[in-house]
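A.B. asks: Structure file work25.tsv (TSV, C-alpha atoms and all ligand atoms) right here:
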chain	number	residue	atom	x	y	z
A	1	MET	CA	-27.20	-22.12	45.80
A	2	LYS	CA	-30.43	-20.12	45.29
A	3	THR	CA	-33.55	-21.93	46.41
A	4	LEU	CA	-37.25	-21.07	46.03
A	5	LEU	CA	-39.70	-22.50	48.58
A	6	LEU	CA	-43.28	-22.21	47.36
A	7	GLY	CA	-45.48	-22.63	50.43
A	8	GLY	CA	-42.36	-22.33	52.58
A	9	ALA	CA	-43.98	-20.63	55.60
A	10	GLY	CA	-45.82	-23.82	56.55
A	11	PHE	CA	-44.74	-26.76	58.67
A	12	ILE	CA	-42.34	-28.72	56.45
A	13	GLY	CA	-41.44	-25.53	54.58
A	14	LEU	CA	-39.97	-23.67	57.51
A	15	HIS	CA	-38.00	-26.69	58.77
A	16	LEU	CA	-36.66	-27.11	55.23
A	17	ALA	CA	-35.85	-23.38	55.01
A	18	ARG	CA	-33.87	-23.54	58.25
A	19	ARG	CA	-31.93	-26.56	57.03
A	20	LEU	CA	-31.14	-24.98	53.67
A	21	VAL	CA	-30.03	-21.68	55.24
A	22	ASP	CA	-27.76	-23.71	57.57
A	23	ASP	CA	-26.36	-25.43	54.46
A	24	GLY	CA	-25.53	-22.01	53.00
A	25	HIS	CA	-28.43	-21.61	50.54
A	26	GLU	CA	-30.04	-18.27	49.77
A	27	VAL	CA	-33.70	-19.11	50.35
A	28	SER	CA	-36.79	-17.25	49.10
A	29	ILE	CA	-40.18	-18.19	50.51
A	30	VAL	CA	-43.43	-17.40	48.69
A	31	ASP	CA	-46.58	-18.08	50.73
A	32	ASP	CA	-50.08	-16.64	51.05
A	33	PHE	CA	-50.13	-17.35	54.81
A	34	SER	CA	-53.52	-19.06	54.48
A	35	ARG	CA	-52.10	-21.70	56.82
A	36	GLY	CA	-48.41	-20.97	57.19
A	37	ARG	CA	-47.71	-18.68	60.09
A	38	ASN	CA	-46.05	-15.32	59.99
A	39	ASP	CA	-44.85	-16.00	63.52
A	40	ALA	CA	-41.80	-15.36	65.70
A	41	GLU	CA	-39.97	-18.41	64.30
A	42	LEU	CA	-40.37	-17.24	60.71
A	43	ALA	CA	-39.51	-13.67	61.72
A	44	GLY	CA	-36.43	-14.97	63.58
A	45	LEU	CA	-35.24	-16.94	60.58
A	46	ALA	CA	-36.00	-14.01	58.25
A	47	ARG	CA	-33.50	-11.87	60.21
A	48	ASP	CA	-30.86	-13.97	58.45
A	49	PRO	CA	-30.00	-12.05	55.25
A	50	ARG	CA	-29.96	-15.37	53.37
A	51	LEU	CA	-33.76	-15.76	53.83
A	52	GLY	CA	-36.39	-13.70	52.03
A	53	VAL	CA	-40.15	-13.96	52.57
A	54	GLN	CA	-42.72	-12.72	50.10
A	55	HIS	CA	-46.51	-12.79	50.22
A	56	GLY	CA	-48.03	-14.39	47.12
A	57	ASP	CA	-51.08	-16.45	46.18
A	58	LEU	CA	-49.85	-19.25	43.91
A	59	THR	CA	-53.34	-19.74	42.43
A	60	ASP	CA	-53.14	-16.19	41.05
A	61	PRO	CA	-51.43	-15.86	37.63
A	62	ALA	CA	-50.28	-12.36	38.66
A	63	THR	CA	-47.99	-13.92	41.33
A	64	TRP	CA	-46.25	-16.06	38.71
A	65	ARG	CA	-45.91	-13.21	36.20
A	66	VAL	CA	-43.57	-11.33	38.55
A	67	LEU	CA	-41.72	-14.36	39.97
A	68	PRO	CA	-38.13	-14.30	38.68
A	69	HIS	CA	-36.26	-17.37	37.39
A	70	GLY	CA	-32.63	-18.28	38.03
A	71	TRP	CA	-33.10	-20.72	40.96
A	72	ASP	CA	-30.88	-23.75	41.52
A	73	ARG	CA	-33.67	-25.56	43.38
A	74	ILE	CA	-37.47	-25.06	43.52
A	75	TYR	CA	-39.73	-26.82	46.03
A	76	LEU	CA	-43.54	-26.78	45.67
A	77	LEU	CA	-44.94	-27.36	49.15
A	78	ALA	CA	-47.97	-25.04	48.94
A	79	ALA	CA	-51.27	-26.85	49.31
A	80	VAL	CA	-54.44	-26.91	51.35
A	81	VAL	CA	-53.84	-29.83	53.73
A	82	GLY	CA	-55.36	-31.34	56.86
A	83	VAL	CA	-58.48	-33.45	57.34
A	84	ARG	CA	-60.48	-30.52	58.73
A	85	ASN	CA	-59.81	-28.35	55.65
A	86	VAL	CA	-60.53	-31.24	53.33
A	87	GLU	CA	-63.84	-32.04	55.02
A	88	ALA	CA	-64.87	-28.37	55.29
A	89	ASP	CA	-64.13	-27.30	51.71
A	90	PRO	CA	-63.03	-30.05	49.30
A	91	ALA	CA	-63.58	-27.80	46.26
A	92	ARG	CA	-61.00	-25.34	47.64
A	93	VAL	CA	-58.54	-28.23	48.11
A	94	VAL	CA	-58.92	-29.31	44.48
A	95	ARG	CA	-58.73	-25.74	43.22
A	96	VAL	CA	-55.72	-24.51	45.21
A	97	ASN	CA	-53.62	-27.66	44.93
A	98	SER	CA	-54.27	-28.13	41.21
A	99	LEU	CA	-53.80	-24.49	40.25
A	100	ALA	CA	-50.53	-24.17	42.19
A	101	ALA	CA	-49.13	-27.19	40.32
A	102	LEU	CA	-50.46	-26.12	36.91
A	103	HIS	CA	-49.20	-22.54	37.22
A	104	LEU	CA	-45.81	-23.95	38.23
A	105	LEU	CA	-45.86	-26.20	35.17
A	106	ASP	CA	-46.53	-23.22	32.86
A	107	TRP	CA	-43.93	-21.05	34.59
A	108	LEU	CA	-40.99	-23.51	34.63
A	109	VAL	CA	-38.25	-23.17	32.03
A	110	PRO	CA	-35.79	-25.79	30.71
A	111	GLY	CA	-33.04	-26.81	33.11
A	112	GLU	CA	-34.87	-25.89	36.34
A	113	ARG	CA	-35.03	-28.46	39.15
A	114	VAL	CA	-38.25	-29.01	41.08
A	115	PHE	CA	-39.44	-31.05	44.05
A	116	PHE	CA	-43.20	-31.64	44.25
A	117	ALA	CA	-44.71	-32.51	47.64
A	118	SER	CA	-47.27	-35.28	47.27
A	119	THR	CA	-48.89	-37.57	49.78
A	120	SER	CA	-49.48	-41.10	51.07
A	121	GLU	CA	-53.21	-40.32	50.83
A	122	VAL	CA	-53.05	-41.44	47.17
A	123	TYR	CA	-53.04	-45.06	48.47
A	124	ALA	CA	-56.22	-44.73	50.55
A	125	GLY	CA	-58.44	-46.28	47.86
A	126	ALA	CA	-56.09	-49.19	47.19
A	127	LEU	CA	-55.65	-49.87	50.92
A	128	ASP	CA	-59.43	-49.81	51.49
A	129	ALA	CA	-60.00	-52.11	48.51
A	130	GLY	CA	-57.35	-54.54	49.78
A	131	ILE	CA	-55.23	-54.03	46.63
A	132	ALA	CA	-52.28	-52.49	48.50
A	133	ARG	CA	-50.11	-54.27	51.06
A	134	VAL	CA	-48.54	-52.61	54.09
A	135	PRO	CA	-45.68	-51.54	53.92
A	136	THR	CA	-46.84	-49.97	50.66
A	137	GLY	CA	-44.52	-49.46	47.67
A	138	GLU	CA	-44.70	-46.75	45.00
A	139	SER	CA	-45.77	-49.23	42.29
A	140	VAL	CA	-49.16	-50.00	43.89
A	141	PRO	CA	-51.95	-48.89	41.54
A	142	VAL	CA	-53.58	-45.77	42.94
A	143	THR	CA	-57.33	-46.14	43.23
A	144	VAL	CA	-60.10	-43.60	43.80
A	145	GLY	CA	-62.64	-45.34	46.01
A	146	ASP	CA	-65.30	-42.63	45.80
A	147	ILE	CA	-64.65	-39.40	43.91
A	148	THR	CA	-67.65	-37.78	45.67
A	149	ALA	CA	-66.11	-38.33	49.14
A	150	PRO	CA	-64.42	-35.10	50.38
A	151	ARG	CA	-61.38	-37.07	51.51
A	152	TYR	CA	-60.47	-37.96	47.90
A	153	ALA	CA	-60.32	-34.28	46.89
A	154	TYR	CA	-56.84	-34.04	48.42
A	155	ALA	CA	-55.45	-37.25	46.87
A	156	VAL	CA	-56.86	-36.44	43.45
A	157	SER	CA	-55.44	-32.90	43.50
A	158	LYS	CA	-52.00	-34.29	44.34
A	159	LEU	CA	-52.19	-36.97	41.63
A	160	LEU	CA	-53.00	-34.27	39.10
A	161	GLY	CA	-49.94	-32.30	40.24
A	162	GLU	CA	-47.74	-35.40	39.96
A	163	ALA	CA	-48.92	-36.15	36.42
A	164	ALA	CA	-48.68	-32.52	35.30
A	165	LEU	CA	-45.11	-32.11	36.49
A	166	ILE	CA	-43.79	-35.53	35.45
A	167	HIS	CA	-45.15	-35.22	31.91
A	168	GLY	CA	-44.32	-31.51	31.82
A	169	ALA	CA	-40.69	-32.23	32.73
A	170	ARG	CA	-40.33	-34.43	29.66
A	171	ALA	CA	-42.12	-31.97	27.40
A	172	LYS	CA	-40.42	-28.77	28.64
A	173	GLY	CA	-37.00	-30.01	29.72
A	174	PHE	CA	-37.06	-29.26	33.46
A	175	ARG	CA	-36.26	-31.86	36.13
A	176	VAL	CA	-38.80	-32.99	38.74
A	177	VAL	CA	-38.87	-35.42	41.63
A	178	VAL	CA	-42.11	-36.23	43.45
A	179	GLY	CA	-41.89	-36.99	47.18
A	180	ARG	CA	-44.91	-38.72	48.69
A	181	PHE	CA	-44.74	-37.73	52.38
A	182	HIS	CA	-46.02	-40.23	54.96
A	183	ASN	CA	-47.20	-38.85	58.34
A	184	VAL	CA	-44.53	-36.25	59.00
A	185	TYR	CA	-44.80	-34.62	62.43
A	186	GLY	CA	-42.89	-32.20	64.63
A	187	PRO	CA	-42.86	-28.73	66.16
A	188	ARG	CA	-44.91	-25.90	64.61
A	189	MET	CA	-47.26	-28.24	62.78
A	190	GLY	CA	-50.52	-26.49	63.61
A	191	THR	CA	-53.13	-28.54	65.46
A	192	ASP	CA	-54.84	-30.54	62.71
A	193	HIS	CA	-52.71	-33.70	62.67
A	194	ALA	CA	-52.66	-36.56	65.20
A	195	VAL	CA	-49.46	-35.79	67.11
A	196	PRO	CA	-49.96	-32.03	67.72
A	197	GLU	CA	-53.73	-32.33	68.09
A	198	MET	CA	-53.42	-34.91	70.87
A	199	THR	CA	-50.48	-33.04	72.40
A	200	VAL	CA	-52.50	-29.84	72.73
A	201	ARG	CA	-55.45	-31.68	74.32
A	202	ALA	CA	-53.16	-33.58	76.68
A	203	LEU	CA	-51.45	-30.33	77.76
A	204	ARG	CA	-54.91	-28.83	78.42
A	205	GLY	CA	-55.54	-31.74	80.81
A	206	GLU	CA	-58.41	-33.41	78.91
A	207	ARG	CA	-59.84	-36.39	80.78
A	208	PRO	CA	-60.92	-38.93	79.86
A	209	PHE	CA	-58.61	-38.59	76.88
A	210	ARG	CA	-60.45	-39.08	73.57
A	211	VAL	CA	-58.44	-41.01	70.95
A	212	PRO	CA	-59.97	-40.92	67.44
A	213	GLY	CA	-58.95	-43.93	65.35
A	214	ALA	CA	-57.39	-45.61	68.40
A	215	GLU	CA	-57.20	-49.00	66.65
A	216	GLN	CA	-55.44	-47.61	63.55
A	217	THR	CA	-51.67	-47.67	62.95
A	218	ARG	CA	-49.31	-45.19	61.29
A	219	ALA	CA	-45.54	-44.94	60.70
A	220	PHE	CA	-44.64	-41.47	61.96
A	221	CYS	CA	-41.66	-39.57	60.55
A	222	TYR	CA	-39.99	-36.76	62.47
A	223	VAL	CA	-39.72	-33.61	60.37
A	224	ASP	CA	-35.89	-33.44	60.46
A	225	ASP	CA	-35.76	-36.89	58.87
A	226	ALA	CA	-38.33	-35.89	56.24
A	227	VAL	CA	-36.29	-32.77	55.43
A	228	GLU	CA	-33.11	-34.87	55.13
A	229	ALA	CA	-34.84	-37.24	52.68
A	230	THR	CA	-36.29	-34.30	50.72
A	231	VAL	CA	-32.92	-32.58	50.31
A	232	ARG	CA	-31.22	-35.84	49.33
A	233	LEU	CA	-33.87	-36.59	46.70
A	234	MET	CA	-33.59	-33.10	45.26
A	235	ASP	CA	-29.82	-33.55	44.95
A	236	CYS	CA	-30.02	-37.06	43.45
A	237	PRO	CA	-29.79	-37.09	39.62
A	238	ARG	CA	-31.18	-40.66	39.51
A	239	ALA	CA	-34.37	-39.49	41.25
A	240	ALA	CA	-35.32	-37.24	38.32
A	241	GLY	CA	-38.74	-38.09	36.91
A	242	ARG	CA	-39.51	-40.48	39.77
A	243	ILE	CA	-42.09	-40.77	42.52
A	244	VAL	CA	-40.44	-41.65	45.83
A	245	HIS	CA	-41.76	-42.23	49.34
A	246	ILE	CA	-40.59	-40.09	52.23
A	247	GLY	CA	-41.25	-41.36	55.73
A	248	ASP	CA	-40.01	-43.58	58.53
A	249	ASP	CA	-40.63	-47.32	58.21
A	250	THR	CA	-38.84	-48.35	61.41
A	251	ALA	CA	-42.02	-48.61	63.50
A	252	GLU	CA	-45.73	-48.90	62.80
A	253	THR	CA	-47.40	-47.39	65.86
A	254	GLY	CA	-50.95	-47.87	67.08
A	255	ILE	CA	-52.75	-44.55	67.62
A	256	ALA	CA	-53.70	-45.74	71.12
A	257	ASP	CA	-49.98	-46.32	71.86
A	258	LEU	CA	-49.15	-42.88	70.45
A	259	ALA	CA	-51.79	-41.40	72.77
A	260	LYS	CA	-50.25	-43.22	75.77
A	261	LEU	CA	-46.80	-41.88	74.84
A	262	ILE	CA	-48.14	-38.32	74.55
A	263	LEU	CA	-49.96	-38.64	77.88
A	264	ARG	CA	-46.77	-39.89	79.56
A	265	LEU	CA	-44.61	-37.14	78.07
A	266	THR	CA	-47.11	-34.46	79.06
A	267	GLY	CA	-47.39	-35.86	82.59
A	268	SER	CA	-51.06	-36.83	82.29
A	269	ASP	CA	-52.58	-39.93	83.91
A	270	ALA	CA	-55.94	-39.58	82.08
A	271	ASP	CA	-57.74	-42.72	80.91
A	272	ILE	CA	-58.02	-43.30	77.18
A	273	GLU	CA	-61.45	-43.18	75.55
A	274	PRO	CA	-61.33	-44.70	72.03
A	275	ALA	CA	-63.40	-42.86	69.38
A	276	ALA	CA	-64.16	-43.25	65.67
A	277	GLY	CA	-61.41	-42.24	63.24
A	278	ALA	CA	-61.85	-39.44	60.67
A	279	PRO	CA	-64.20	-40.43	57.83
A	280	GLY	CA	-62.34	-42.45	55.18
A	281	SER	CA	-59.08	-42.70	57.15
A	282	VAL	CA	-57.16	-45.90	56.43
A	283	THR	CA	-56.72	-48.61	59.06
A	284	ARG	CA	-52.97	-48.99	58.54
A	285	ARG	CA	-50.28	-46.95	56.82
A	286	CYS	CA	-46.54	-47.55	56.48
A	287	PRO	CA	-44.31	-46.73	53.52
A	288	ASP	CA	-41.94	-49.13	51.79
A	289	LEU	CA	-38.75	-47.03	51.60
A	290	THR	CA	-36.67	-49.38	49.44
A	291	LEU	CA	-36.53	-46.89	46.57
A	292	LEU	CA	-35.67	-43.90	48.77
A	293	ARG	CA	-32.83	-45.87	50.40
A	294	ALA	CA	-31.49	-47.15	47.08
A	295	LEU	CA	-31.45	-43.64	45.59
A	296	THR	CA	-30.17	-41.65	48.56
A	297	GLY	CA	-28.88	-43.94	51.33
A	298	TYR	CA	-31.39	-42.23	53.67
A	299	GLN	CA	-32.01	-43.74	57.08
A	300	PRO	CA	-34.45	-42.27	59.62
A	301	THR	CA	-32.59	-41.17	62.76
A	302	VAL	CA	-35.18	-39.79	65.21
A	303	PRO	CA	-37.13	-42.49	67.11
A	304	LEU	CA	-40.80	-41.78	67.84
A	305	GLU	CA	-40.30	-41.16	71.56
A	306	GLU	CA	-37.56	-38.59	70.93
A	307	GLY	CA	-39.53	-36.87	68.15
A	308	VAL	CA	-42.70	-36.70	70.22
A	309	ARG	CA	-40.67	-35.40	73.20
A	310	ARG	CA	-39.30	-32.54	71.06
A	311	THR	CA	-42.80	-31.84	69.71
A	312	VAL	CA	-44.39	-31.81	73.18
A	313	GLU	CA	-41.70	-29.43	74.45
A	314	TRP	CA	-42.39	-27.04	71.56
A	315	TYR	CA	-46.16	-27.09	72.16
A	316	ARG	CA	-45.61	-26.66	75.90
A	317	GLY	CA	-44.05	-23.32	74.87
B	401	LIG	N1	-47.09	-32.97	56.89
B	401	LIG	C1	-47.29	-34.16	56.35
B	401	LIG	O1	-47.25	-35.21	57.01
B	401	LIG	C2	-47.58	-34.28	54.87
B	401	LIG	C3	-48.02	-35.51	54.41
B	401	LIG	C4	-48.29	-35.65	53.06
B	401	LIG	C5	-48.08	-34.58	52.19
B	401	LIG	N2	-47.67	-33.38	52.67
B	401	LIG	C6	-47.49	-32.28	51.69
B	401	LIG	O2	-46.34	-31.53	52.02
B	401	LIG	C7	-46.57	-30.14	51.75
B	401	LIG	C8	-46.29	-29.32	53.00
B	401	LIG	O3	-47.16	-29.78	54.02
B	401	LIG	P1	-47.20	-29.09	55.44
B	401	LIG	O4	-47.57	-30.14	56.41
B	401	LIG	O5	-45.98	-28.28	55.63
B	401	LIG	O6	-48.49	-28.15	55.26
B	401	LIG	P2	-48.70	-26.62	55.68
B	401	LIG	O7	-50.15	-26.34	55.53
B	401	LIG	O8	-48.06	-26.32	56.98
B	401	LIG	O9	-47.89	-25.85	54.53
B	401	LIG	C9	-48.48	-25.52	53.30
B	401	LIG	C10	-48.19	-24.07	53.02
B	401	LIG	O10	-48.78	-23.69	51.76
B	401	LIG	C11	-49.29	-22.37	51.91
B	401	LIG	N3	-50.31	-22.16	50.88
B	401	LIG	C12	-51.52	-22.74	50.77
B	401	LIG	N4	-52.17	-22.24	49.72
B	401	LIG	C13	-51.34	-21.34	49.12
B	401	LIG	C14	-51.45	-20.49	48.00
B	401	LIG	N5	-52.56	-20.46	47.24
B	401	LIG	N6	-50.41	-19.68	47.69
B	401	LIG	C15	-49.29	-19.67	48.45
B	401	LIG	N7	-49.12	-20.47	49.54
B	401	LIG	C16	-50.14	-21.29	49.87
B	401	LIG	C17	-49.86	-22.35	53.32
B	401	LIG	O11	-50.04	-21.04	53.82
B	401	LIG	C18	-48.78	-23.12	54.07
B	401	LIG	O12	-47.77	-22.27	54.56
B	401	LIG	C19	-48.02	-30.03	51.27
B	401	LIG	O13	-48.02	-29.97	49.86
B	401	LIG	C20	-48.66	-31.32	51.74
B	401	LIG	O14	-49.72	-31.72	50.88
B	401	LIG	C21	-47.41	-33.21	53.99
Can you present the structure in this file as structure tokens?

C.D. replies:
Amino acid sequence: MKTLLLGGAGFIGLHLARRLVDDGHEVSIVDDFSRGRNDAELAGLARDPRLGVQHGDLTDPATWRVLPHGWDRIYLLAAVVGVRNVEADPARVVRVNSLAALHLLDWLVPGERVFFASTSEVYAGALDAGIARVPTGESVPVTVGDITAPRYAYAVSKLLGEAALIHGARAKGFRVVVGRFHNVYGPRMGTDHAVPEMTVRALRGERPFRVPGAEQTRAFCYVDDAVEATVRLMDCPRAAGRIVHIGDDTAETGIADLAKLILRLTGSDADIEPAAGAPGSVTRRCPDLTLLRALTGYQPTVPLEEGVRRTVEWYRG
């Protein structure tokens, strides 16, 4: 099996690469390292002759002109992600995420099989407007609350990618499945997202311990489970042309409770100081995974405490 991971040096990408190499795939990563790390873990994995890593900017047509075909599986993970990036430069988010998807659309040839990484952020407008219930299913109408708000730049760029690839698959004869990831966390995630961000501050000994969005809830999914769901969806013929949630619906966790867990696992007895959440962040989020289960038989296997323990150990170094 020959597999192409576009944006494969990032968080989900490298965990997926490791899993695919273990499964016997020949894996080629293309990444511009704008966020993905050319670190010891990637270098370690790249010592395996079944993994190749190539520098390439997927917004640049020149990258696509020299990219060969002949892959059994293609995953598009490349994107500008993270609240900080989205707030700092929403135009870059729209540009990079849209161009990567549109260049992929133009480049694909009949018969190829693609996974497109999308996001739970597409439901933010519907959740805010009270249109969507929690747990949220894929059939909820996606709503843009305020196109001028930086936060929507990310959701809109992903919706464009979904539409481009789903319609393009019909028109050009390739096969696509869209996975909408919900709060995936784990080792080597950077420091932008809730679990690693709080872990790093807890390990530094911050006190009192600031907890942005303390009253909010999320359903966190350990990265190994997300990778399992991703691989199963890619291999599932009935998933072709569909949009499917990827996450862990077994527990909806308050951010304050997550903070307490991280403090306990890092050995901190700091008091919690609740703070405002990121602008535009939803109050609750939990995926309905009925479709994912029906298509693939997936079941999350890593409970939050175990996943956070593994993550803390990685960040402890
Ligand atoms: N982690 C989550 O919980 C989550 C949730 C929802 C959606 N997603 C989606 O899953 C995908 C992977 O997310 P992640 O958490 O691994 O993010 P990440 O930032 O760690 O990985 C994205 C990778 O894309 C690369 N990249 C960015 N711009 C590029 C370009 N122009 N050319 C080539 N490479 C480029 C980055 O260097 C990085 O390695 C993204 O598409 C993201 O939107 C993730």

A.B. asks: Rank A:Gly205, A:Gly213, A:Gly247, A:Gly186 by their smallest atom-to-atom distance to Leu263 (chain A), using only C-alpha atoms, and report the top residue only.

C.D. replies: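 Checking each of A:Gly205, A:Gly213, A:Gly247, A:Gly186 against Leu263 (chain A), counting only C-alpha atoms, the winner is A:Gly205.
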
A.B. asks: Please give me, as a PyMOL selection string, the residues lying within 7 Å of ligand LIG 401 (chain B) when counting all atoms listed in the file.

C.D. replies: chain A and resi 6-13+30-37+56-59+76-81+96+100+117-120+180-185+189

A.B. asks: Export, as an mmCIF file, keeping the file's coordinate frame, the selected residues with C-alpha atoms.

C.D. replies:
data_model
loop_
_atom_site.group_PDB
_atom_site.id
_atom_site.type_symbol
_atom_site.label_atom_id
_atom_site.label_comp_id
_atom_site.auth_asym_id
_atom_site.auth_seq_id
_atom_site.Cartn_x
_atom_site.Cartn_y
_atom_site.Cartn_z
ATOM 1 C CA LEU A 6 -43.280 -22.210 47.360
ATOM 2 C CA GLY A 7 -45.480 -22.630 50.430
ATOM 3 C CA GLY A 8 -42.360 -22.330 52.580
ATOM 4 C CA ALA A 9 -43.980 -20.630 55.600
ATOM 5 C CA GLY A 10 -45.820 -23.820 56.550
ATOM 6 C CA PHE A 11 -44.740 -26.760 58.670
ATOM 7 C CA ILE A 12 -42.340 -28.720 56.450
ATOM 8 C CA GLY A 13 -41.440 -25.530 54.580
ATOM 9 C CA VAL A 30 -43.430 -17.400 48.690
ATOM 10 C CA ASP A 31 -46.580 -18.080 50.730
ATOM 11 C CA ASP A 32 -50.080 -16.640 51.050
ATOM 12 C CA PHE A 33 -50.130 -17.350 54.810
ATOM 13 C CA SER A 34 -53.520 -19.060 54.480
ATOM 14 C CA ARG A 35 -52.100 -21.700 56.820
ATOM 15 C CA GLY A 36 -48.410 -20.970 57.190
ATOM 16 C CA ARG A 37 -47.710 -18.680 60.090
ATOM 17 C CA GLY A 56 -48.030 -14.390 47.120
ATOM 18 C CA ASP A 57 -51.080 -16.450 46.180
ATOM 19 C CA LEU A 58 -49.850 -19.250 43.910
ATOM 20 C CA THR A 59 -53.340 -19.740 42.430
ATOM 21 C CA LEU A 76 -43.540 -26.780 45.670
ATOM 22 C CA LEU A 77 -44.940 -27.360 49.150
ATOM 23 C CA ALA A 78 -47.970 -25.040 48.940
ATOM 24 C CA ALA A 79 -51.270 -26.850 49.310
ATOM 25 C CA VAL A 80 -54.440 -26.910 51.350
ATOM 26 C CA VAL A 81 -53.840 -29.830 53.730
ATOM 27 C CA VAL A 96 -55.720 -24.510 45.210
ATOM 28 C CA ALA A 100 -50.530 -24.170 42.190
ATOM 29 C CA ALA A 117 -44.710 -32.510 47.640
ATOM 30 C CA SER A 118 -47.270 -35.280 47.270
ATOM 31 C CA THR A 119 -48.890 -37.570 49.780
ATOM 32 C CA SER A 120 -49.480 -41.100 51.070
ATOM 33 C CA ARG A 180 -44.910 -38.720 48.690
ATOM 34 C CA PHE A 181 -44.740 -37.730 52.380
ATOM 35 C CA HIS A 182 -46.020 -40.230 54.960
ATOM 36 C CA ASN A 183 -47.200 -38.850 58.340
ATOM 37 C CA VAL A 184 -44.530 -36.250 59.000
ATOM 38 C CA TYR A 185 -44.800 -34.620 62.430
ATOM 39 C CA MET A 189 -47.260 -28.240 62.780
#

A.B. asks: Quick one: residues within 9 Å of Glu112 (chain A), all atoms listed in the file, excluding same-chain residues fewer than 3 positions away - as a list in words?

C.D. replies: His69, Gly70, Trp71, Asp72, Arg73, Ile74, Leu108, Val109, Gly173, Phe174, Arg175 and Val176 of chain A

A.B. asks: Which distance in Å separates CA of Asp288 (chain A) and CA of Val83 (chain A), to one decimal?

C.D. replies: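 It comes out at 23.5 Å.
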
A.B. asks: Can you write out as JSON lines which residues of region 116-218 of chain A fall within 8 Å of region 271-286 of chain A, alongside each residue's closest atom pair and its distance in Å to one decimal, counting all atoms listed in the file and ordering rows by chain and ascending residue number?

C.D. replies:
{"residue": "A:Ala124", "atom": "CA", "partner": "A:Val282", "partner_atom": "CA", "distance": 6.1}
{"residue": "A:Leu127", "atom": "CA", "partner": "A:Val282", "partner_atom": "CA", "distance": 7.0}
{"residue": "A:Asp128", "atom": "CA", "partner": "A:Val282", "partner_atom": "CA", "distance": 6.7}
{"residue": "A:Val134", "atom": "CA", "partner": "A:Cys286", "partner_atom": "CA", "distance": 5.9}
{"residue": "A:Pro135", "atom": "CA", "partner": "A:Cys286", "partner_atom": "CA", "distance": 4.8}
{"residue": "A:Thr136", "atom": "CA", "partner": "A:Cys286", "partner_atom": "CA", "distance": 6.3}
{"residue": "A:Arg151", "atom": "CA", "partner": "A:Gly280", "partner_atom": "CA", "distance": 6.6}
{"residue": "A:His182", "atom": "CA", "partner": "A:Cys286", "partner_atom": "CA", "distance": 7.5}
{"residue": "A:Arg207", "atom": "CA", "partner": "A:Asp271", "partner_atom": "CA", "distance": 6.7}
{"residue": "A:Pro208", "atom": "CA", "partner": "A:Asp271", "partner_atom": "CA", "distance": 5.1}
{"residue": "A:Phe209", "atom": "CA", "partner": "A:Ile272", "partner_atom": "CA", "distance": 4.8}
{"residue": "A:Arg210", "atom": "CA", "partner": "A:Glu273", "partner_atom": "CA", "distance": 4.7}
{"residue": "A:Val211", "atom": "CA", "partner": "A:Pro274", "partner_atom": "CA", "distance": 4.8}
{"residue": "A:Pro212", "atom": "CA", "partner": "A:Ala275", "partner_atom": "CA", "distance": 4.4}
{"residue": "A:Gly213", "atom": "CA", "partner": "A:Gly277", "partner_atom": "CA", "distance": 3.7}
{"residue": "A:Ala214", "atom": "CA", "partner": "A:Pro274", "partner_atom": "CA", "distance": 5.4}
{"residue": "A:Glu215", "atom": "CA", "partner": "A:Thr283", "partner_atom": "CA", "distance": 7.6}
{"residue": "A:Gln216", "atom": "CA", "partner": "A:Thr283", "partner_atom": "CA", "distance": 4.8}
{"residue": "A:Thr217", "atom": "CA", "partner": "A:Arg284", "partner_atom": "CA", "distance": 4.8}
{"residue": "A:Arg218", "atom": "CA", "partner": "A:Arg285", "partner_atom": "CA", "distance": 4.9}

A.B. asks: A:Ile243, A:Leu291, A:Ala43, A:Leu51: which is nearest Leu20 (chain A), counting all atoms listed in the file?

C.D. replies: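 Of A:Ile243, A:Leu291, A:Ala43, A:Leu51, the one nearest Leu20 (chain A), counting all atoms listed in the file, is A:Leu51.
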
A.B. asks: Have a look at A:Leu258, A:Ala229, A:Ala251, A:Val200 and name the one nearest to Arg188 (chain A); count all atoms listed in the file.

C.D. replies: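 The closest residue to Arg188 (chain A) is A:Val200.
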
A.B. asks: Of the candidates A:Lys158, A:Arg238, A:Arg264, A:Arg170, which one gets nearest to Glu121 (chain A) if we count only C-alpha atoms?

C.D. replies: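 When distances to Glu121 (chain A) are compared using only C-alpha atoms, the smallest one comes from A:Lys158.
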
A.B. asks: Name all residues at most 12 Å from Leu292 (chain A) (count all atoms listed in the file; drop same-chain ones fewer than 2 positions away) and give them as a PyMOL selection string.

C.D. replies: chain A and resi 137-138+177-181+226+228-234+236+238-239+242-249+287-290+294-300

A.B. asks: Taking (-30.9, -17.4, 51.4) in the file's coordinates, which residues come within 12 Å, counting only C-alpha atoms, written as a VMD selection string?

C.D. replies: chain A and resid 1 to 5 16 to 29 45 to 53 71 to 73

A.B. asks: Just to confirm, what's the straight-line distance from CA of Gly307 (chain A) to CA of Asn38 (chain A) in Å (one decimal)?

C.D. replies: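 Separation between CA of Gly307 (chain A) and CA of Asn38 (chain A): 23.9 Å.
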
A.B. asks: Would you compute the distance between CA of Val302 (chain A) and CA of Leu261 (chain A)? Give it in Å to one decimal.

C.D. replies: 15.2 Å

A.B. asks: Rank nothing, just name the residue among A:Leu203, A:Arg95, A:Gly145, A:Pro187 nearest to Ser157 (chain A), using all atoms listed in the file.

C.D. replies: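 Smallest distance to Ser157 (chain A) is found for A:Arg95.
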
A.B. asks: Within 10 Å of Pro196 (chain A), counting only C-alpha atoms, which residues qualify if same-chain residues fewer than 2 places away don't, as a PyMOL selection string?

C.D. replies: chain A and resi 185-194+198-202+262+308+311-312+314-315

A.B. asks: Which is closer to Leu165 (chain A) than all the others in A:Arg113, A:Arg133, A:Arg65, A:His55, using only C-alpha atoms?

C.D. replies: A:Arg113
